[in-house]
Amino acid sequence: MKVLTINASDIQGGAARAAYRIHHALRSVGVDSTMLVDVATAGDWTVQGRNSKAARALARIRPHLGGVVVRLLRTGNPIIHSPAILPSGRLKVINASDANIVHLHWVQNEMLSVADIGQLQKPVVWTLHDMWAFCGAEHYTSDTRWRVGYRHDNRPSYESGFDLNRWAWLRKRKYWQHLMHVVTPSRWLADCVRQSALMRDWPVTAIPNPIDTQRWRPIDQALARELLDLPNEVPLLLFGAMGGEGDPRKGFDLLQGALRYLRGEIQGLELVVFGQLKPSDPPDLGFPVHYAGYVHDDLSLRALYSAADVFILPSRQDNLPNTGVEALACGTPVVAFDVCGMPDIVSHKKTGYLAAAFDKEDLASGILWCLRDAIRLTKLRANARADAVSRFSNQVIASQYCNLYSKAASLTGREQ
């Protein structure tokens with residue numbers, strides 16, 4: 001089996017890290033997977049980037065060129081929009097390759113155009129890392145146009161100007177005439193695909209993102225705290241996301257609200273935040289806060305998860321965030337809201353706690369439940385690690401993809 005894995009980048013961003021991990025999970029079980037990207041930074045011989053300096057430079061500015069069209073839309077939706085209109089120049093190479101399967105990931109930020117995707121001639125498996133594939137140009141949305149179709153009469157009130165999302169959705173409907181096998185890392189996103197006007201008839205399978213549990217494993221907590229210069233004898237909560245508290249989907253404000261319920265409840269409680277530097281005017285959360293900044297290497301991330309007693313994942317809307325899976329692999333319980341892909345990560349009161357959706361007081365209750373009983377916390381840590389190995393390890397996830405590839409490769413013509 002030869003697989004051509006395609007993503008905009010190899011390791012820059014959450015979707016890229018997930019795609020890269022799937023690529024290497026496949027290779028670990030003998031699948032001949034090659035990764036094709038626009039921006040290659042890992043220095044990995046199994047990853048093919050743009051060859052010339054000019055091509056690499058163009059790849060970095062292509063999203064900004066597509067952004068010219070995005071500026072015609074005036075919207076209150078703060079999520080990134082991608083029209084995917086620029087021809088990639090890669091279509092002939094992909095179709096002429098000796099790959100049995102083309103495995104798409106996050107390609108919409110002007111790596112492949114909507115038309116390019118529709119003209120792929122090989123069996124396609126497409127792992128979705130957000131909602132873009134069945135929406136218009138938006139990567140996430142809280143409205144319901146994707147369920148019923150992007151009509152003139154159902155445009156949300158927070159949009160005006162050129163209806164970019166309807167235009168992008170109509171282009172997808174026009175060009176995507178052949179079914180592709182869709183994979184979603186969470187059951188929530190799989191349900192969205194089945195409910196969507198564009199993809200409801202496409203085959204969809206939920207397969208979590210893998211993690212190398214041999215590499216991602218716990219570090220002794222005292223050693224991790226010493227390495228990171230964190231206090232040793234206090235309970236530590238951990239929160240982390242790209243952009244830190246700046247992305248409203250990640251729910252840092254909800255964590256802030258939950259922390260108010262914890263004042264006076266746990267002696268010595270402190271918080272660690274990664275994904276941003278300390279702001280010039282940091283908010284008063286009622287507890288000491290350590291800002292770890294932007295962390296890119298796996299060893300530092302492992303140390304952060306291992307140093308923490310509990311990882312807090314207060315997302316409003318998320319697929320299957322890598323941070324939650326990484327925390328479990330490092331033996332750190334996760335407290336999250338019972339929304340979207342969070343139930344695919346957290347087993348309630350076994351590997352952490354699932355709070356009622358956006359209920360700050362219940363989020364605080366979950367943190368207390370984990371921290372107040374030392375014996376329980378020790379058991380949660382052991383459960384978290386065991387659960388990560390049994391459900392997210394490379395061999396487990398690669399096996400599921402291999403089974404899916406066999407099904408996809410057997411389909412031809414109109415079935416594909």
# chains A, B, ... in the order shown; residues from 1 in each chain; ligands from 1

$ residues_around --residues "Val289 in chain A" --least-positions-apart "5" --cutoff "7 Å" --atoms "only C-alpha atoms" --output "PyMOL selection string"
chain A and resi 270-272

$ closest_residue --among "A:Thr75, A:Gln108, A:Thr323, A:Thr213" --to "Arg155 in chain A" --atoms "only C-alpha atoms"
A:Thr75

$ atom_distance --atom1 "CA of Thr5 in chain A" --atom2 "CA of Leu36 in chain A"
6.0 Å

$ residues_around --residues "Thr127 in chain A" --least-positions-apart "6" --cutoff "7 Å" --atoms "only C-alpha atoms" --output "list in words"
Leu104, His105, Val182, Val183 and Thr184 of chain A

$ select_by_dssp --residues "range 57-189 of chain A" --states "strand (DSSP E)" --output "PyMOL selection string"
chain A and resi 73-75+101-104+124-127+159-161+181-184

$ write_last_selection --atoms "N, CA and C atoms" --output "short mmCIF file (atom, residue, chain, number, x, y, z; two decimals), in the first residue's frame"
data_model
loop_
_atom_site.label_atom_id
_atom_site.label_comp_id
_atom_site.auth_asym_id
_atom_site.auth_seq_id
_atom_site.Cartn_x
_atom_site.Cartn_y
_atom_site.Cartn_z
N LEU A 73 -15.81 39.94 2.18
CA LEU A 73 -16.84 39.53 3.13
C LEU A 73 -16.69 40.32 4.42
N ARG A 74 -17.79 40.85 4.91
CA ARG A 74 -17.80 41.51 6.22
C ARG A 74 -18.59 40.60 7.15
N THR A 75 -17.92 40.12 8.20
CA THR A 75 -18.53 39.12 9.05
C THR A 75 -18.14 39.30 10.50
N ILE A 101 -3.53 5.43 -2.64
CA ILE A 101 -4.48 6.28 -1.92
C ILE A 101 -3.91 7.69 -1.81
N VAL A 102 -4.74 8.68 -2.07
CA VAL A 102 -4.41 10.07 -1.75
C VAL A 102 -5.13 10.41 -0.45
N HIS A 103 -4.35 10.76 0.56
CA HIS A 103 -4.91 11.05 1.89
C HIS A 103 -4.79 12.56 2.15
N LEU A 104 -5.91 13.25 2.01
CA LEU A 104 -5.94 14.70 2.24
C LEU A 104 -6.11 15.01 3.72
N VAL A 124 -9.64 8.70 -2.72
CA VAL A 124 -9.30 9.76 -1.77
C VAL A 124 -9.87 9.43 -0.40
N VAL A 125 -9.02 9.52 0.61
CA VAL A 125 -9.44 9.54 2.01
C VAL A 125 -9.13 10.93 2.53
N TRP A 126 -10.10 11.57 3.17
CA TRP A 126 -9.91 12.96 3.60
C TRP A 126 -10.20 13.06 5.10
N THR A 127 -9.14 13.31 5.87
CA THR A 127 -9.30 13.52 7.31
C THR A 127 -9.57 15.00 7.57
N GLU A 159 -23.31 38.90 8.83
CA GLU A 159 -22.56 38.98 7.58
C GLU A 159 -23.17 40.01 6.65
N SER A 160 -22.31 40.62 5.85
CA SER A 160 -22.77 41.53 4.80
C SER A 160 -21.70 41.57 3.71
N GLY A 161 -21.97 42.30 2.64
CA GLY A 161 -21.05 42.34 1.53
C GLY A 161 -21.17 41.08 0.68
N HIS A 181 -13.95 9.21 0.81
CA HIS A 181 -14.08 8.66 2.16
C HIS A 181 -13.63 9.73 3.17
N VAL A 182 -14.53 10.14 4.01
CA VAL A 182 -14.24 11.16 5.00
C VAL A 182 -13.89 10.50 6.33
N VAL A 183 -12.84 10.99 6.96
CA VAL A 183 -12.48 10.57 8.31
C VAL A 183 -12.57 11.80 9.22
N THR A 184 -13.13 11.61 10.38
CA THR A 184 -13.15 12.68 11.38
C THR A 184 -12.52 12.16 12.66
#

$ closest_atom_pairs --of "range 191-260 of chain A" --to "range 172-175 of chain A" --cutoff "10 Å" --atoms "only C-alpha atoms" --output "Markdown table"
| residue | atom | partner | partner_atom | distance |
| --- | --- | --- | --- | --- |
| A:Ala197 | CA | A:Arg173 | CA | 9.6 |
| A:Leu198 | CA | A:Arg173 | CA | 6.7 |
| A:Met199 | CA | A:Arg173 | CA | 9.4 |

$ closest_atom_pairs --of "range 109-220 of chain A" --to "range 397-411 of chain A" --cutoff "9 Å" --atoms "only C-alpha atoms" --output "JSON lines"
{"residue": "A:Lys122", "atom": "CA", "partner": "A:Ala409", "partner_atom": "CA", "distance": 8.4}
{"residue": "A:Pro123", "atom": "CA", "partner": "A:Ala409", "partner_atom": "CA", "distance": 5.8}
{"residue": "A:Val124", "atom": "CA", "partner": "A:Ala408", "partner_atom": "CA", "distance": 7.2}
{"residue": "A:Val125", "atom": "CA", "partner": "A:Ala408", "partner_atom": "CA", "distance": 7.2}
{"residue": "A:Met180", "atom": "CA", "partner": "A:Ala408", "partner_atom": "CA", "distance": 8.3}
{"residue": "A:His181", "atom": "CA", "partner": "A:Ala408", "partner_atom": "CA", "distance": 6.8}
{"residue": "A:Thr205", "atom": "CA", "partner": "A:Leu404", "partner_atom": "CA", "distance": 8.5}
{"residue": "A:Ile207", "atom": "CA", "partner": "A:Ile397", "partner_atom": "CA", "distance": 7.0}
{"residue": "A:Pro208", "atom": "CA", "partner": "A:Ile397", "partner_atom": "CA", "distance": 7.0}
{"residue": "A:Asn209", "atom": "CA", "partner": "A:Ile397", "partner_atom": "CA", "distance": 7.2}
{"residue": "A:Pro210", "atom": "CA", "partner": "A:Ile397", "partner_atom": "CA", "distance": 5.8}
{"residue": "A:Ile211", "atom": "CA", "partner": "A:Ile397", "partner_atom": "CA", "distance": 8.8}

$ write_last_selection --atoms "C-alpha atoms" --output "PDB file, in the first residue's frame"
ATOM      1  CA  LYS A 122      -7.210   8.356  -7.316  1.00  0.00           C
ATOM      2  CA  PRO A 123      -9.180   6.981  -4.369  1.00  0.00           C
ATOM      3  CA  VAL A 124      -9.302   9.755  -1.765  1.00  0.00           C
ATOM      4  CA  VAL A 125      -9.441   9.541   2.009  1.00  0.00           C
ATOM      5  CA  MET A 180     -14.604  10.616  -1.048  1.00  0.00           C
ATOM      6  CA  HIS A 181     -14.079   8.662   2.157  1.00  0.00           C
ATOM      7  CA  THR A 205     -15.635   7.098   9.697  1.00  0.00           C
ATOM      8  CA  ILE A 207     -10.827   7.602  13.737  1.00  0.00           C
ATOM      9  CA  PRO A 208      -8.974   9.510  16.479  1.00  0.00           C
ATOM     10  CA  ASN A 209      -5.640  11.168  15.866  1.00  0.00           C
ATOM     11  CA  PRO A 210      -2.730   8.983  16.999  1.00  0.00           C
ATOM     12  CA  ILE A 211       0.132   9.718  19.325  1.00  0.00           C
TER      13      ILE A 211
END

$ residues_around --residues "Cys340 in chain A" --least-positions-apart "5" --cutoff "12 Å" --atoms "only C-alpha atoms" --output "VMD selection string"
chain A and resid 130 to 131 184 to 192 249 313 to 321 345 to 346 354 357 to 358

$ residues_around --residues "range 274-279 of chain A" --least-positions-apart "2" --cutoff "12 Å" --atoms "only C-alpha atoms" --output "short mmCIF file (atom, residue, chain, number, x, y, z; two decimals) with N, CA and C atoms, in the first residue's frame"
data_model
loop_
_atom_site.label_atom_id
_atom_site.label_comp_id
_atom_site.auth_asym_id
_atom_site.auth_seq_id
_atom_site.Cartn_x
_atom_site.Cartn_y
_atom_site.Cartn_z
N GLY A 13 1.20 24.05 13.28
CA GLY A 13 -0.22 24.10 13.56
C GLY A 13 -0.74 22.74 14.02
N GLY A 14 -1.90 22.78 14.68
CA GLY A 14 -2.47 21.56 15.23
C GLY A 14 -2.83 20.53 14.18
N LEU A 228 11.32 22.99 34.70
CA LEU A 228 10.56 24.15 34.24
C LEU A 228 10.55 25.28 35.26
N LEU A 237 -2.54 23.57 37.88
CA LEU A 237 -3.43 23.40 36.74
C LEU A 237 -2.69 23.86 35.49
N LEU A 238 -3.02 23.25 34.36
CA LEU A 238 -2.38 23.60 33.09
C LEU A 238 -3.43 23.92 32.05
N PHE A 239 -3.23 25.01 31.32
CA PHE A 239 -4.05 25.38 30.18
C PHE A 239 -3.13 25.72 29.03
N GLY A 240 -3.46 25.26 27.83
CA GLY A 240 -2.61 25.59 26.70
C GLY A 240 -3.36 25.54 25.39
N ALA A 241 -3.05 26.48 24.50
CA ALA A 241 -3.64 26.53 23.16
C ALA A 241 -2.81 27.50 22.34
N MET A 242 -2.80 27.29 21.02
CA MET A 242 -2.13 28.26 20.16
C MET A 242 -2.81 29.61 20.32
N GLY A 243 -2.03 30.60 20.67
CA GLY A 243 -2.60 31.92 20.92
C GLY A 243 -3.08 32.09 22.35
N GLY A 244 -2.93 31.03 23.16
CA GLY A 244 -3.30 31.13 24.56
C GLY A 244 -4.74 31.56 24.76
N GLU A 245 -4.90 32.64 25.49
CA GLU A 245 -6.25 33.10 25.83
C GLU A 245 -6.89 33.93 24.72
N GLY A 246 -6.20 34.09 23.57
CA GLY A 246 -6.71 34.97 22.52
C GLY A 246 -7.78 34.36 21.64
N ASP A 247 -7.91 33.02 21.60
CA ASP A 247 -8.89 32.36 20.74
C ASP A 247 -10.15 32.07 21.55
N LYS A 250 -11.30 28.48 22.42
CA LYS A 250 -10.56 27.69 23.40
C LYS A 250 -11.03 27.91 24.83
N PHE A 252 -10.71 30.29 27.34
CA PHE A 252 -9.96 30.73 28.51
C PHE A 252 -10.83 31.57 29.43
N LEU A 271 -1.61 28.21 38.41
CA LEU A 271 -1.97 27.93 37.02
C LEU A 271 -0.76 28.13 36.12
N VAL A 272 -0.61 27.23 35.15
CA VAL A 272 0.42 27.36 34.12
C VAL A 272 -0.27 27.50 32.77
N ASP A 281 -0.41 43.39 30.63
CA ASP A 281 -1.32 43.64 31.73
C ASP A 281 -2.09 42.34 32.03
N PRO A 282 -1.43 41.39 32.69
CA PRO A 282 -2.06 40.08 32.90
C PRO A 282 -3.29 40.18 33.78
N PRO A 283 -4.30 39.37 33.48
CA PRO A 283 -5.52 39.39 34.29
C PRO A 283 -5.27 38.84 35.69
N ASP A 284 -6.02 39.37 36.66
CA ASP A 284 -5.93 38.87 38.03
C ASP A 284 -6.88 37.69 38.16
N VAL A 289 0.06 32.81 38.33
CA VAL A 289 0.02 32.27 36.97
C VAL A 289 1.42 32.28 36.40
N HIS A 290 1.83 31.15 35.83
CA HIS A 290 3.13 31.01 35.17
C HIS A 290 2.88 30.92 33.66
N TYR A 291 3.48 31.83 32.90
CA TYR A 291 3.33 31.83 31.44
C TYR A 291 4.55 31.16 30.83
N ALA A 292 4.31 30.03 30.15
CA ALA A 292 5.40 29.25 29.57
C ALA A 292 5.75 29.69 28.15
N GLY A 293 4.97 30.58 27.57
CA GLY A 293 5.24 31.07 26.23
C GLY A 293 4.88 30.05 25.16
N TYR A 294 5.47 30.22 23.99
CA TYR A 294 5.20 29.34 22.85
C TYR A 294 6.13 28.13 22.94
N VAL A 295 5.55 26.98 23.01
CA VAL A 295 6.32 25.75 23.18
C VAL A 295 6.16 24.91 21.93
N HIS A 296 7.26 24.58 21.27
CA HIS A 296 7.19 23.88 19.98
C HIS A 296 7.78 22.48 20.03
N SER A 300 9.62 19.60 25.82
CA SER A 300 9.13 20.66 26.71
C SER A 300 7.64 20.50 26.99
N LEU A 301 6.88 20.11 25.96
CA LEU A 301 5.45 19.88 26.16
C LEU A 301 5.22 18.71 27.12
N ALA A 303 7.15 17.76 29.47
CA ALA A 303 7.47 18.23 30.81
C ALA A 303 6.33 19.06 31.40
N LEU A 304 5.71 19.90 30.57
CA LEU A 304 4.59 20.71 31.05
C LEU A 304 3.42 19.84 31.49
N TYR A 305 3.02 18.88 30.65
CA TYR A 305 1.92 18.00 31.02
C TYR A 305 2.25 17.21 32.29
N ALA A 308 2.02 19.13 35.59
CA ALA A 308 0.68 19.53 36.03
C ALA A 308 -0.04 18.38 36.73
N PHE A 311 -4.97 18.91 33.51
CA PHE A 311 -5.00 19.75 32.32
C PHE A 311 -6.44 20.19 32.08
N ILE A 312 -6.63 21.50 31.88
CA ILE A 312 -7.97 22.06 31.68
C ILE A 312 -8.17 22.34 30.19
N THR A 323 -3.84 18.65 22.32
CA THR A 323 -3.42 18.87 23.70
C THR A 323 -4.07 17.87 24.66
#

$ residues_around --residues "Arg21 in chain A" --least-positions-apart "2" --cutoff "8 Å" --atoms "only C-alpha atoms" --output "ChimeraX atom specification"
/A:17-19,23-25,209-212

$ write_last_selection --atoms "C-alpha atoms" --output "PDB file, in the first residue's frame"
ATOM      1  CA  ARG A  17       0.945  17.950  13.759  1.00  0.00           C
ATOM      2  CA  ALA A  18      -2.004  15.556  13.596  1.00  0.00           C
ATOM      3  CA  ALA A  19      -1.399  14.811   9.888  1.00  0.00           C
ATOM      4  CA  HIS A  23       1.799   9.781   8.428  1.00  0.00           C
ATOM      5  CA  HIS A  24       4.403   8.344  10.809  1.00  0.00           C
ATOM      6  CA  ALA A  25       1.915   6.022  12.492  1.00  0.00           C
ATOM      7  CA  ASN A 209      -5.640  11.168  15.866  1.00  0.00           C
ATOM      8  CA  PRO A 210      -2.730   8.983  16.999  1.00  0.00           C
ATOM      9  CA  ILE A 211       0.132   9.718  19.325  1.00  0.00           C
ATOM     10  CA  ASP A 212       3.444   7.927  19.703  1.00  0.00           C
TER      11      ASP A 212
END

$ select_by_dssp --residues "range 248-402 of chain A" --states "helix (DSSP H, G or I)" --output "ChimeraX atom specification"
/A:248-250,252-262,298-307,322-329,342-344,360-371,374-392,394-402

$ residues_around --residues "Gly352 in chain A" --least-positions-apart "2" --cutoff "10 Å" --atoms "only C-alpha atoms" --output "list in words"
Val310, Phe311, Ile312, Leu328, Thr332, Pro333, Val334, Val335, Ala336, Ile345, Val346, Ser347, His348, Lys349, Lys350, Leu354, Ala355, Gly366, Ile367, Trp369, Cys370, Leu377, Leu380, Arg381, Asn383 and Ala384 of chain A

$ closest_residue --among "A:Met342, A:Val37, A:Ala388, A:Val93" --to "Ala327 in chain A" --atoms "only C-alpha atoms"
A:Ala388

$ closest_residue --among "A:Arg71, A:Arg171, A:His152, A:Arg263" --to "Gly118 in chain A" --atoms "only C-alpha atoms"
A:Arg171

$ atom_distance --atom1 "CA of Tyr140 in chain A" --atom2 "CA of Thr34 in chain A"
28.7 Å
